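A.B. asks: Data file data_9.txt (compact mmCIF, N, CA and C atoms) is appended below.
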```txt
# COMPACT_ATOMS: atom_id res chain seq x y z
N MET J 1275 -12.63 -94.38 25.81
CA MET J 1275 -12.12 -95.49 25.04
C MET J 1275 -12.28 -96.78 25.84
N SER J 1276 -12.84 -97.78 25.26
CA SER J 1276 -13.06 -99.06 25.90
C SER J 1276 -11.93 -100.03 25.55
N ILE J 1277 -11.47 -100.75 26.53
CA ILE J 1277 -10.41 -101.73 26.31
C ILE J 1277 -11.04 -103.01 25.78
N ASP J 1278 -10.47 -103.56 24.75
CA ASP J 1278 -10.91 -104.83 24.19
C ASP J 1278 -10.72 -105.93 25.22
N SER J 1279 -11.59 -106.93 25.21
CA SER J 1279 -11.50 -107.99 26.21
C SER J 1279 -10.50 -109.07 25.80
N THR J 1280 -9.27 -108.67 25.53
CA THR J 1280 -8.22 -109.60 25.15
C THR J 1280 -6.96 -109.31 25.97
N ILE J 1281 -5.96 -110.12 25.74
CA ILE J 1281 -4.67 -109.85 26.35
C ILE J 1281 -4.14 -108.57 25.69
N ILE J 1282 -3.75 -107.61 26.49
CA ILE J 1282 -3.28 -106.33 25.97
C ILE J 1282 -1.82 -106.41 25.60
N GLU J 1283 -1.02 -107.00 26.47
CA GLU J 1283 0.41 -107.18 26.19
C GLU J 1283 0.86 -108.51 26.78
N SER J 1284 1.78 -109.14 26.11
CA SER J 1284 2.40 -110.34 26.68
C SER J 1284 3.85 -110.39 26.24
N PHE J 1285 4.70 -110.75 27.18
CA PHE J 1285 6.12 -110.90 26.92
C PHE J 1285 6.55 -112.24 27.50
N ILE J 1286 7.19 -113.04 26.70
CA ILE J 1286 7.70 -114.31 27.17
C ILE J 1286 9.21 -114.31 26.94
N LEU J 1287 9.94 -114.35 28.03
CA LEU J 1287 11.39 -114.44 27.98
C LEU J 1287 11.78 -115.73 28.67
N ASN J 1288 12.93 -116.22 28.45
CA ASN J 1288 13.40 -117.52 28.91
C ASN J 1288 12.59 -118.17 30.03
N ASN J 1289 12.59 -117.61 31.19
CA ASN J 1289 11.95 -118.24 32.33
C ASN J 1289 10.82 -117.41 32.92
N LYS J 1290 10.25 -116.51 32.11
CA LYS J 1290 9.28 -115.57 32.66
C LYS J 1290 8.24 -115.16 31.61
N ILE J 1291 6.99 -115.06 32.07
CA ILE J 1291 5.89 -114.55 31.24
C ILE J 1291 5.32 -113.33 31.95
N ASP J 1292 5.22 -112.22 31.23
CA ASP J 1292 4.55 -111.02 31.71
C ASP J 1292 3.29 -110.82 30.89
N LEU J 1293 2.16 -110.67 31.56
CA LEU J 1293 0.89 -110.42 30.86
C LEU J 1293 0.21 -109.20 31.45
N ILE J 1294 -0.38 -108.42 30.57
CA ILE J 1294 -1.29 -107.35 30.96
C ILE J 1294 -2.58 -107.67 30.24
N LEU J 1295 -3.65 -107.83 31.00
CA LEU J 1295 -4.91 -108.22 30.38
C LEU J 1295 -6.07 -107.40 30.93
N SER J 1296 -7.08 -107.24 30.10
CA SER J 1296 -8.27 -106.55 30.57
C SER J 1296 -9.00 -107.49 31.53
N ALA J 1297 -9.74 -106.91 32.46
CA ALA J 1297 -10.35 -107.67 33.55
C ALA J 1297 -11.63 -108.37 33.10
N THR J 1298 -11.44 -109.44 32.33
CA THR J 1298 -12.56 -110.28 31.92
C THR J 1298 -12.25 -111.72 32.26
N THR J 1299 -13.27 -112.48 32.59
CA THR J 1299 -13.05 -113.89 32.92
C THR J 1299 -12.60 -114.68 31.70
N GLU J 1300 -12.93 -114.22 30.50
CA GLU J 1300 -12.49 -114.91 29.28
C GLU J 1300 -10.97 -114.94 29.17
N ASN J 1301 -10.32 -113.95 29.71
CA ASN J 1301 -8.85 -113.89 29.62
C ASN J 1301 -8.16 -114.90 30.52
N LEU J 1302 -8.88 -115.47 31.48
CA LEU J 1302 -8.29 -116.50 32.33
C LEU J 1302 -7.86 -117.71 31.51
N ASP J 1303 -8.68 -118.09 30.54
CA ASP J 1303 -8.34 -119.23 29.70
C ASP J 1303 -7.08 -118.97 28.88
N THR J 1304 -6.98 -117.77 28.32
CA THR J 1304 -5.82 -117.43 27.51
C THR J 1304 -4.55 -117.43 28.37
N ALA J 1305 -4.63 -116.82 29.55
CA ALA J 1305 -3.48 -116.79 30.46
C ALA J 1305 -3.11 -118.21 30.88
N ASP J 1306 -4.12 -119.02 31.17
CA ASP J 1306 -3.89 -120.41 31.57
C ASP J 1306 -3.20 -121.18 30.45
N ASP J 1307 -3.66 -121.01 29.22
CA ASP J 1307 -3.05 -121.69 28.07
C ASP J 1307 -1.58 -121.31 27.92
N LEU J 1308 -1.28 -120.01 28.05
CA LEU J 1308 0.11 -119.54 27.91
C LEU J 1308 1.02 -120.11 28.99
N VAL J 1309 0.56 -120.06 30.23
CA VAL J 1309 1.38 -120.54 31.34
C VAL J 1309 1.51 -122.06 31.29
N THR J 1310 0.45 -122.77 30.92
CA THR J 1310 0.52 -124.23 30.80
C THR J 1310 1.56 -124.63 29.75
N ALA J 1311 1.51 -124.01 28.59
CA ALA J 1311 2.49 -124.31 27.53
C ALA J 1311 3.91 -123.98 27.99
N PHE J 1312 4.08 -122.88 28.69
CA PHE J 1312 5.36 -122.45 29.23
C PHE J 1312 5.92 -123.52 30.18
N LEU J 1313 5.09 -124.00 31.12
CA LEU J 1313 5.54 -125.00 32.09
C LEU J 1313 5.79 -126.35 31.43
N GLN J 1314 4.97 -126.71 30.45
CA GLN J 1314 5.18 -127.97 29.73
C GLN J 1314 6.50 -127.94 28.97
N GLU J 1315 6.80 -126.80 28.37
CA GLU J 1315 8.05 -126.66 27.63
C GLU J 1315 9.25 -126.83 28.56
N LYS J 1316 9.10 -126.41 29.80
CA LYS J 1316 10.18 -126.52 30.79
C LYS J 1316 10.17 -127.87 31.50
N ASN J 1317 9.23 -128.76 31.12
CA ASN J 1317 9.13 -130.11 31.68
C ASN J 1317 8.72 -130.12 33.16
N PHE J 1318 7.81 -129.22 33.53
CA PHE J 1318 7.28 -129.17 34.88
C PHE J 1318 5.82 -129.62 34.90
N THR J 1319 5.53 -130.74 34.28
CA THR J 1319 4.14 -131.17 34.16
C THR J 1319 3.61 -131.87 35.42
N SER J 1320 4.48 -132.37 36.29
CA SER J 1320 3.99 -133.05 37.49
C SER J 1320 3.29 -132.09 38.45
N ASP J 1321 3.62 -130.82 38.40
CA ASP J 1321 2.99 -129.82 39.26
C ASP J 1321 2.05 -128.90 38.48
N LEU J 1322 1.69 -129.30 37.29
CA LEU J 1322 0.89 -128.46 36.41
C LEU J 1322 -0.48 -128.12 37.02
N PHE J 1323 -1.15 -129.10 37.61
CA PHE J 1323 -2.46 -128.84 38.19
C PHE J 1323 -2.38 -127.76 39.27
N SER J 1324 -1.41 -127.88 40.18
CA SER J 1324 -1.25 -126.90 41.25
C SER J 1324 -0.97 -125.51 40.69
N CYS J 1325 -0.08 -125.43 39.72
CA CYS J 1325 0.26 -124.14 39.12
C CYS J 1325 -0.94 -123.51 38.43
N ARG J 1326 -1.73 -124.33 37.75
CA ARG J 1326 -2.93 -123.82 37.07
C ARG J 1326 -3.98 -123.36 38.07
N MET J 1327 -4.13 -124.09 39.18
CA MET J 1327 -5.09 -123.67 40.21
C MET J 1327 -4.69 -122.32 40.79
N LEU J 1328 -3.41 -122.14 41.08
CA LEU J 1328 -2.94 -120.87 41.61
C LEU J 1328 -3.23 -119.73 40.64
N LEU J 1329 -2.92 -119.96 39.38
CA LEU J 1329 -3.14 -118.95 38.35
C LEU J 1329 -4.62 -118.60 38.23
N ARG J 1330 -5.47 -119.59 38.09
CA ARG J 1330 -6.90 -119.36 37.87
C ARG J 1330 -7.56 -118.71 39.09
N GLU J 1331 -7.25 -119.19 40.28
CA GLU J 1331 -7.84 -118.61 41.48
C GLU J 1331 -7.36 -117.17 41.70
N GLY J 1332 -6.06 -116.96 41.52
CA GLY J 1332 -5.51 -115.62 41.70
C GLY J 1332 -6.05 -114.63 40.69
N LEU J 1333 -6.08 -115.03 39.42
CA LEU J 1333 -6.62 -114.13 38.39
C LEU J 1333 -8.12 -113.90 38.56
N MET J 1334 -8.85 -114.94 38.93
CA MET J 1334 -10.30 -114.78 39.13
C MET J 1334 -10.56 -113.76 40.24
N ASN J 1335 -9.81 -113.87 41.34
CA ASN J 1335 -9.98 -112.90 42.42
C ASN J 1335 -9.64 -111.49 41.96
N ALA J 1336 -8.58 -111.34 41.19
CA ALA J 1336 -8.19 -110.02 40.70
C ALA J 1336 -9.25 -109.43 39.78
N VAL J 1337 -9.79 -110.25 38.87
CA VAL J 1337 -10.80 -109.78 37.91
C VAL J 1337 -12.12 -109.47 38.62
N VAL J 1338 -12.60 -110.41 39.41
CA VAL J 1338 -13.93 -110.27 40.02
C VAL J 1338 -13.92 -109.29 41.19
N HIS J 1339 -12.94 -109.43 42.09
CA HIS J 1339 -12.95 -108.60 43.30
C HIS J 1339 -12.11 -107.34 43.15
N GLY J 1340 -10.91 -107.46 42.59
CA GLY J 1340 -10.04 -106.30 42.45
C GLY J 1340 -10.50 -105.32 41.39
N CYS J 1341 -11.14 -105.84 40.33
CA CYS J 1341 -11.57 -104.98 39.22
C CYS J 1341 -13.09 -104.93 39.08
N ASP J 1342 -13.80 -105.66 39.91
CA ASP J 1342 -15.26 -105.71 39.84
C ASP J 1342 -15.72 -106.05 38.42
N THR J 1343 -14.97 -106.92 37.74
CA THR J 1343 -15.23 -107.38 36.37
C THR J 1343 -15.43 -106.22 35.41
N ASP J 1344 -14.71 -105.14 35.64
CA ASP J 1344 -14.76 -103.97 34.75
C ASP J 1344 -13.70 -104.16 33.66
N HIS J 1345 -14.14 -104.47 32.44
CA HIS J 1345 -13.19 -104.77 31.36
C HIS J 1345 -12.34 -103.57 30.97
N ASN J 1346 -12.65 -102.39 31.49
CA ASN J 1346 -11.83 -101.21 31.24
C ASN J 1346 -10.61 -101.15 32.17
N LEU J 1347 -10.59 -102.01 33.18
CA LEU J 1347 -9.45 -102.07 34.09
C LEU J 1347 -8.52 -103.20 33.66
N ILE J 1348 -7.30 -103.14 34.14
CA ILE J 1348 -6.33 -104.17 33.75
C ILE J 1348 -5.77 -104.89 34.96
N VAL J 1349 -5.35 -106.12 34.71
CA VAL J 1349 -4.67 -106.96 35.69
C VAL J 1349 -3.31 -107.31 35.11
N LYS J 1350 -2.30 -107.27 35.94
CA LYS J 1350 -0.96 -107.67 35.52
C LYS J 1350 -0.61 -108.99 36.17
N MET J 1351 0.06 -109.84 35.41
CA MET J 1351 0.45 -111.15 35.91
C MET J 1351 1.87 -111.45 35.46
N ILE J 1352 2.66 -111.95 36.37
CA ILE J 1352 4.02 -112.40 36.05
C ILE J 1352 4.15 -113.83 36.55
N ALA J 1353 4.49 -114.74 35.67
CA ALA J 1353 4.76 -116.13 36.04
C ALA J 1353 6.21 -116.41 35.70
N GLU J 1354 6.94 -116.94 36.66
CA GLU J 1354 8.37 -117.14 36.47
C GLU J 1354 8.79 -118.47 37.12
N VAL J 1355 9.76 -119.11 36.51
CA VAL J 1355 10.41 -120.27 37.12
C VAL J 1355 11.83 -119.83 37.43
N THR J 1356 12.17 -119.84 38.71
CA THR J 1356 13.50 -119.40 39.13
C THR J 1356 14.53 -120.49 38.90
N GLY J 1357 15.78 -120.14 39.08
CA GLY J 1357 16.87 -121.10 38.94
C GLY J 1357 16.79 -122.23 39.95
N GLU J 1358 16.04 -122.02 41.03
CA GLU J 1358 15.87 -123.06 42.06
C GLU J 1358 14.61 -123.88 41.81
N ASN J 1359 14.04 -123.78 40.61
CA ASN J 1359 12.82 -124.50 40.23
C ASN J 1359 11.63 -124.14 41.11
N VAL J 1360 11.47 -122.87 41.35
CA VAL J 1360 10.31 -122.37 42.09
C VAL J 1360 9.44 -121.58 41.12
N TYR J 1361 8.18 -121.94 41.06
CA TYR J 1361 7.19 -121.23 40.27
C TYR J 1361 6.74 -120.04 41.10
N VAL J 1362 6.96 -118.85 40.60
CA VAL J 1362 6.55 -117.64 41.29
C VAL J 1362 5.49 -116.97 40.43
N LEU J 1363 4.32 -116.76 41.03
CA LEU J 1363 3.21 -116.14 40.33
C LEU J 1363 2.83 -114.86 41.07
N LYS J 1364 2.93 -113.74 40.37
CA LYS J 1364 2.61 -112.44 40.95
C LYS J 1364 1.43 -111.86 40.18
N ILE J 1365 0.38 -111.46 40.89
CA ILE J 1365 -0.81 -110.90 40.26
C ILE J 1365 -1.10 -109.56 40.92
N ILE J 1366 -1.29 -108.55 40.07
CA ILE J 1366 -1.50 -107.19 40.54
C ILE J 1366 -2.80 -106.67 39.95
N ASP J 1367 -3.68 -106.13 40.82
CA ASP J 1367 -4.90 -105.51 40.32
C ASP J 1367 -5.00 -104.10 40.89
N PRO J 1368 -5.85 -103.25 40.30
CA PRO J 1368 -5.95 -101.87 40.75
C PRO J 1368 -6.91 -101.67 41.93
N GLY J 1369 -7.39 -102.75 42.50
CA GLY J 1369 -8.38 -102.66 43.58
C GLY J 1369 -7.81 -102.10 44.87
N LYS J 1370 -8.71 -101.94 45.83
CA LYS J 1370 -8.35 -101.39 47.14
C LYS J 1370 -7.74 -102.44 48.05
N GLY J 1371 -7.71 -103.68 47.61
CA GLY J 1371 -7.20 -104.75 48.44
C GLY J 1371 -8.32 -105.30 49.31
N PHE J 1372 -7.99 -106.29 50.12
CA PHE J 1372 -9.00 -106.90 50.97
C PHE J 1372 -8.33 -107.41 52.24
N ALA J 1373 -9.13 -107.65 53.24
CA ALA J 1373 -8.61 -108.13 54.53
C ALA J 1373 -8.52 -109.65 54.48
N TRP J 1374 -7.50 -110.16 53.82
CA TRP J 1374 -7.34 -111.60 53.64
C TRP J 1374 -7.17 -112.33 54.97
N GLN J 1375 -6.67 -111.61 55.98
CA GLN J 1375 -6.45 -112.24 57.27
C GLN J 1375 -7.75 -112.74 57.90
N LYS J 1376 -8.86 -112.07 57.63
CA LYS J 1376 -10.15 -112.46 58.20
C LYS J 1376 -10.62 -113.81 57.67
N ASN J 1377 -10.30 -114.11 56.44
CA ASN J 1377 -10.75 -115.35 55.81
C ASN J 1377 -9.67 -116.40 55.71
N ASP J 1378 -8.51 -116.11 56.26
CA ASP J 1378 -7.35 -116.97 56.05
C ASP J 1378 -7.58 -118.42 56.46
N GLU J 1379 -8.23 -118.67 57.56
CA GLU J 1379 -8.42 -120.03 58.03
C GLU J 1379 -9.82 -120.57 57.77
N ASN J 1380 -10.73 -119.72 57.32
CA ASN J 1380 -12.12 -120.14 57.14
C ASN J 1380 -12.37 -120.59 55.71
N VAL J 1381 -12.88 -121.80 55.56
CA VAL J 1381 -13.28 -122.31 54.25
C VAL J 1381 -14.80 -122.29 54.22
N PRO J 1382 -15.40 -121.54 53.28
CA PRO J 1382 -16.85 -121.46 53.23
C PRO J 1382 -17.50 -122.79 52.88
N ASP J 1383 -18.76 -122.88 53.18
CA ASP J 1383 -19.56 -124.04 52.85
C ASP J 1383 -19.47 -124.29 51.34
N ALA J 1384 -19.42 -125.54 50.94
CA ALA J 1384 -19.28 -125.91 49.53
C ALA J 1384 -20.44 -125.42 48.67
N LYS J 1385 -21.57 -125.11 49.27
CA LYS J 1385 -22.74 -124.63 48.52
C LYS J 1385 -22.63 -123.16 48.14
N GLN J 1386 -21.70 -122.43 48.76
CA GLN J 1386 -21.52 -121.02 48.43
C GLN J 1386 -20.80 -120.87 47.10
N ALA J 1387 -21.19 -119.85 46.34
CA ALA J 1387 -20.59 -119.62 45.02
C ALA J 1387 -19.19 -119.03 45.11
N CYS J 1388 -18.89 -118.28 46.15
CA CYS J 1388 -17.60 -117.60 46.27
C CYS J 1388 -16.96 -117.89 47.62
N GLY J 1389 -15.70 -117.52 47.72
CA GLY J 1389 -15.04 -117.54 49.01
C GLY J 1389 -14.02 -118.63 49.23
N ARG J 1390 -13.85 -119.53 48.30
CA ARG J 1390 -12.89 -120.62 48.50
C ARG J 1390 -11.53 -120.36 47.86
N GLY J 1391 -11.37 -119.24 47.17
CA GLY J 1391 -10.13 -118.96 46.46
C GLY J 1391 -8.90 -118.96 47.33
N ILE J 1392 -8.97 -118.29 48.48
CA ILE J 1392 -7.82 -118.23 49.38
C ILE J 1392 -7.46 -119.63 49.89
N ALA J 1393 -8.48 -120.40 50.25
CA ALA J 1393 -8.23 -121.76 50.74
C ALA J 1393 -7.55 -122.61 49.66
N HIS J 1394 -8.00 -122.48 48.40
CA HIS J 1394 -7.37 -123.23 47.31
C HIS J 1394 -5.93 -122.77 47.10
N MET J 1395 -5.71 -121.47 47.14
CA MET J 1395 -4.36 -120.96 46.92
C MET J 1395 -3.42 -121.42 48.04
N LYS J 1396 -3.91 -121.43 49.27
CA LYS J 1396 -3.08 -121.92 50.37
C LYS J 1396 -2.76 -123.40 50.20
N ARG J 1397 -3.73 -124.17 49.73
CA ARG J 1397 -3.53 -125.61 49.59
C ARG J 1397 -2.51 -125.94 48.51
N TYR J 1398 -2.53 -125.21 47.41
CA TYR J 1398 -1.69 -125.57 46.26
C TYR J 1398 -0.38 -124.81 46.17
N SER J 1399 -0.15 -123.84 47.05
CA SER J 1399 1.12 -123.11 47.02
C SER J 1399 1.99 -123.54 48.19
N ASP J 1400 3.25 -123.19 48.11
CA ASP J 1400 4.15 -123.42 49.24
C ASP J 1400 4.25 -122.18 50.12
N SER J 1401 3.94 -121.02 49.54
CA SER J 1401 3.87 -119.79 50.32
C SER J 1401 3.08 -118.73 49.55
N ILE J 1402 2.49 -117.83 50.32
CA ILE J 1402 1.72 -116.72 49.76
C ILE J 1402 2.12 -115.45 50.51
N GLU J 1403 2.32 -114.39 49.74
CA GLU J 1403 2.62 -113.08 50.32
C GLU J 1403 1.71 -112.05 49.68
N TYR J 1404 1.39 -111.00 50.44
CA TYR J 1404 0.61 -109.87 49.93
C TYR J 1404 1.41 -108.60 50.15
N ASN J 1405 1.14 -107.59 49.32
CA ASN J 1405 1.78 -106.30 49.57
C ASN J 1405 1.01 -105.58 50.68
N ASP J 1406 1.50 -104.42 51.11
CA ASP J 1406 0.87 -103.68 52.20
C ASP J 1406 -0.54 -103.22 51.86
N SER J 1407 -0.82 -103.00 50.58
CA SER J 1407 -2.16 -102.57 50.17
C SER J 1407 -3.10 -103.75 49.91
N ASP J 1408 -2.57 -104.96 49.94
CA ASP J 1408 -3.34 -106.19 49.73
C ASP J 1408 -3.99 -106.26 48.34
N ASN J 1409 -3.37 -105.64 47.35
CA ASN J 1409 -3.85 -105.78 45.97
C ASN J 1409 -2.79 -106.42 45.06
N VAL J 1410 -1.77 -106.96 45.68
CA VAL J 1410 -0.74 -107.73 44.98
C VAL J 1410 -0.56 -109.03 45.76
N ILE J 1411 -0.62 -110.14 45.06
CA ILE J 1411 -0.40 -111.44 45.68
C ILE J 1411 0.78 -112.11 44.98
N ILE J 1412 1.63 -112.72 45.77
CA ILE J 1412 2.77 -113.47 45.23
C ILE J 1412 2.67 -114.88 45.82
N MET J 1413 2.54 -115.86 44.93
CA MET J 1413 2.43 -117.25 45.35
C MET J 1413 3.63 -118.01 44.82
N MET J 1414 4.13 -118.94 45.63
CA MET J 1414 5.29 -119.72 45.23
C MET J 1414 5.00 -121.21 45.37
N LYS J 1415 5.50 -121.98 44.40
CA LYS J 1415 5.33 -123.42 44.40
C LYS J 1415 6.65 -124.05 43.98
N ASN J 1416 7.19 -124.94 44.82
CA ASN J 1416 8.40 -125.68 44.45
C ASN J 1416 8.04 -126.70 43.39
N LEU J 1417 8.82 -126.75 42.34
CA LEU J 1417 8.54 -127.63 41.20
C LEU J 1417 9.51 -128.78 41.12
N ALA J 1418 9.01 -129.87 40.59
CA ALA J 1418 9.84 -131.04 40.31
C ALA J 1418 9.76 -131.31 38.82
N HIS J 1419 10.90 -131.59 38.20
CA HIS J 1419 10.89 -131.96 36.78
C HIS J 1419 10.14 -133.29 36.62
N SER J 1420 9.39 -133.39 35.55
CA SER J 1420 8.67 -134.63 35.25
C SER J 1420 9.62 -135.63 34.66
N ASN J 1421 9.41 -136.89 34.96
CA ASN J 1421 10.22 -137.96 34.36
C ASN J 1421 9.61 -138.31 33.01
N VAL J 1422 10.33 -138.02 31.97
CA VAL J 1422 9.85 -138.31 30.62
C VAL J 1422 10.79 -139.23 29.93
```
Could I get this structure in the form of structure tokens?

C.D. replies:
Amino acid sequence: MSIDSTIIESFILNNKIDLILSATTENLDTADDLVTAFLQEKNFTSDLFSCRMLLREGLMNAVVHGCDTDHNLIVKMIAEVTGENVYVLKIIDPGKGFAWQKNDENVPDAKQACGRGIAHMKRYSDSIEYNDSDNVIIMMKNLAHSNV
């Protein structure tokens, strides 16, 4: 049975979005749209670019590297705004993980097609954590309410 290249499940509760999606790059746009609307509704638009960069880079890595762009595999994503106004983004893929420590400080040449994701995530987050298997990433960004 082949998994359709769409969002498989999504749950949106007060301050949290849970998504399960097939590992296709097309689903990045859908996830981005959902999280953007979620943050706009909560009036966190001043940090929207950073939050979107974290989401897109994290999901792209999960789809391309963790799932080898196999649409039969799934990626899980949880985006949450805590009571302390911290955006917490957790992305889980079924991959074997990777040695992020090797690339942690190295930013590849701008002419390379891949390899800048970790550098972007470090730049736009306030902290990054990985699980012991290195196939789960948790990124945090302190948010400020927009003046409207």

A.B. asks: Give the answer as one residue: which of J:Phe1312, J:Phe1318, J:Ile1365, J:Glu1354 has the shortest atom-to-atom distance to Ile1412 (chain J), using all atoms listed in the file?

C.D. replies: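 Of all the options, J:Ile1365 lies closest to Ile1412 (chain J).
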
A.B. asks: In terms of the shortest atom-to-atom distance over only C-alpha atoms, which of J:His1419, J:Ser1320, J:Val1349, J:Cys1325 is closest to Asp1307 (chain J)?

C.D. replies: J:Cys1325

A.B. asks: Name all residues at most 7 Å from Asp1408 (chain J) (count all atoms listed in the file; drop same-chain ones fewer than 2 positions away) and give them as a PyMOL selection string.

C.D. replies: chain J and resi 1369-1373+1404-1406+1410-1411

A.B. asks: Once you have the residues from the selection above, write them out as a PDB file, in the coordinates of the input, restricted to N, CA and C atoms.

C.D. replies:
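Listed below is the output, part-v6.pdb:
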```pdb
ATOM      1  N   GLY J1369      -7.390-102.750  42.500  1.00  0.00           N
ATOM      2  CA  GLY J1369      -8.380-102.660  43.580  1.00  0.00           C
ATOM      3  C   GLY J1369      -7.810-102.100  44.870  1.00  0.00           C
ATOM      4  N   LYS J1370      -8.710-101.940  45.830  1.00  0.00           N
ATOM      5  CA  LYS J1370      -8.350-101.390  47.140  1.00  0.00           C
ATOM      6  C   LYS J1370      -7.740-102.440  48.050  1.00  0.00           C
ATOM      7  N   GLY J1371      -7.710-103.680  47.610  1.00  0.00           N
ATOM      8  CA  GLY J1371      -7.200-104.750  48.440  1.00  0.00           C
ATOM      9  C   GLY J1371      -8.320-105.300  49.310  1.00  0.00           C
ATOM     10  N   PHE J1372      -7.990-106.290  50.120  1.00  0.00           N
ATOM     11  CA  PHE J1372      -9.000-106.900  50.970  1.00  0.00           C
ATOM     12  C   PHE J1372      -8.330-107.410  52.240  1.00  0.00           C
ATOM     13  N   ALA J1373      -9.130-107.650  53.240  1.00  0.00           N
ATOM     14  CA  ALA J1373      -8.610-108.130  54.530  1.00  0.00           C
ATOM     15  C   ALA J1373      -8.520-109.650  54.480  1.00  0.00           C
ATOM     16  N   TYR J1404       1.390-111.000  50.440  1.00  0.00           N
ATOM     17  CA  TYR J1404       0.610-109.870  49.930  1.00  0.00           C
ATOM     18  C   TYR J1404       1.410-108.600  50.150  1.00  0.00           C
ATOM     19  N   ASN J1405       1.140-107.590  49.320  1.00  0.00           N
ATOM     20  CA  ASN J1405       1.780-106.300  49.570  1.00  0.00           C
ATOM     21  C   ASN J1405       1.010-105.580  50.680  1.00  0.00           C
ATOM     22  N   ASP J1406       1.500-104.420  51.110  1.00  0.00           N
ATOM     23  CA  ASP J1406       0.870-103.680  52.200  1.00  0.00           C
ATOM     24  C   ASP J1406      -0.540-103.220  51.860  1.00  0.00           C
ATOM     25  N   VAL J1410      -1.770-106.960  45.680  1.00  0.00           N
ATOM     26  CA  VAL J1410      -0.740-107.730  44.980  1.00  0.00           C
ATOM     27  C   VAL J1410      -0.560-109.030  45.760  1.00  0.00           C
ATOM     28  N   ILE J1411      -0.620-110.140  45.060  1.00  0.00           N
ATOM     29  CA  ILE J1411      -0.400-111.440  45.680  1.00  0.00           C
ATOM     30  C   ILE J1411       0.780-112.110  44.980  1.00  0.00           C
TER      31      ILE J1411
END
```

A.B. asks: For Gly1391 (chain J), which of J:Glu1331, J:Glu1283, J:Asp1292, J:Glu1300 is the closest residue, counting only C-alpha atoms?

C.D. replies: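 The shortest atom-to-atom distance to Gly1391 (chain J) comes from J:Glu1331.
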
A.B. asks: Go through chain J and collect every residue that DSSP, computed from the backbone, puts in strand (DSSP E or B); the answer should be as a PyMOL selection string.

C.D. replies: chain J and resi 1281-1287+1290-1296+1348-1355+1360-1366+1401-1404+1410-1416

A.B. asks: Please report the interatomic distance between CA of Ile1281 (chain J) and CA of Ser1420 (chain J) in Å with one decimal.

C.D. replies: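 Taking CA of Ile1281 (chain J) and CA of Ser1420 (chain J), their separation equals 29.5 Å.
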
A.B. asks: Could you pull out the helix (DSSP H, G or I) residues of region 1322-1420 of chain J from DSSP and send them as a PyMOL selection string?

C.D. replies: chain J and resi 1322-1340+1374-1377+1391-1398

A.B. asks: Could you jot down the atom N of Leu1328 (chain J) to CA of Tyr1398 (chain J) separation for me, Å, one decimal place?

C.D. replies: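 According to the coordinates, atom N of Leu1328 (chain J) and CA of Tyr1398 (chain J) are separated by 6.4 Å.
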
A.B. asks: Kindly give the distance, in Å, that separates CA of Ala1297 (chain J) and CA of Ile1392 (chain J), rounded to a single decimal.

C.D. replies: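 If I compute the distance from CA of Ala1297 (chain J) to CA of Ile1392 (chain J), I get 19.2 Å.
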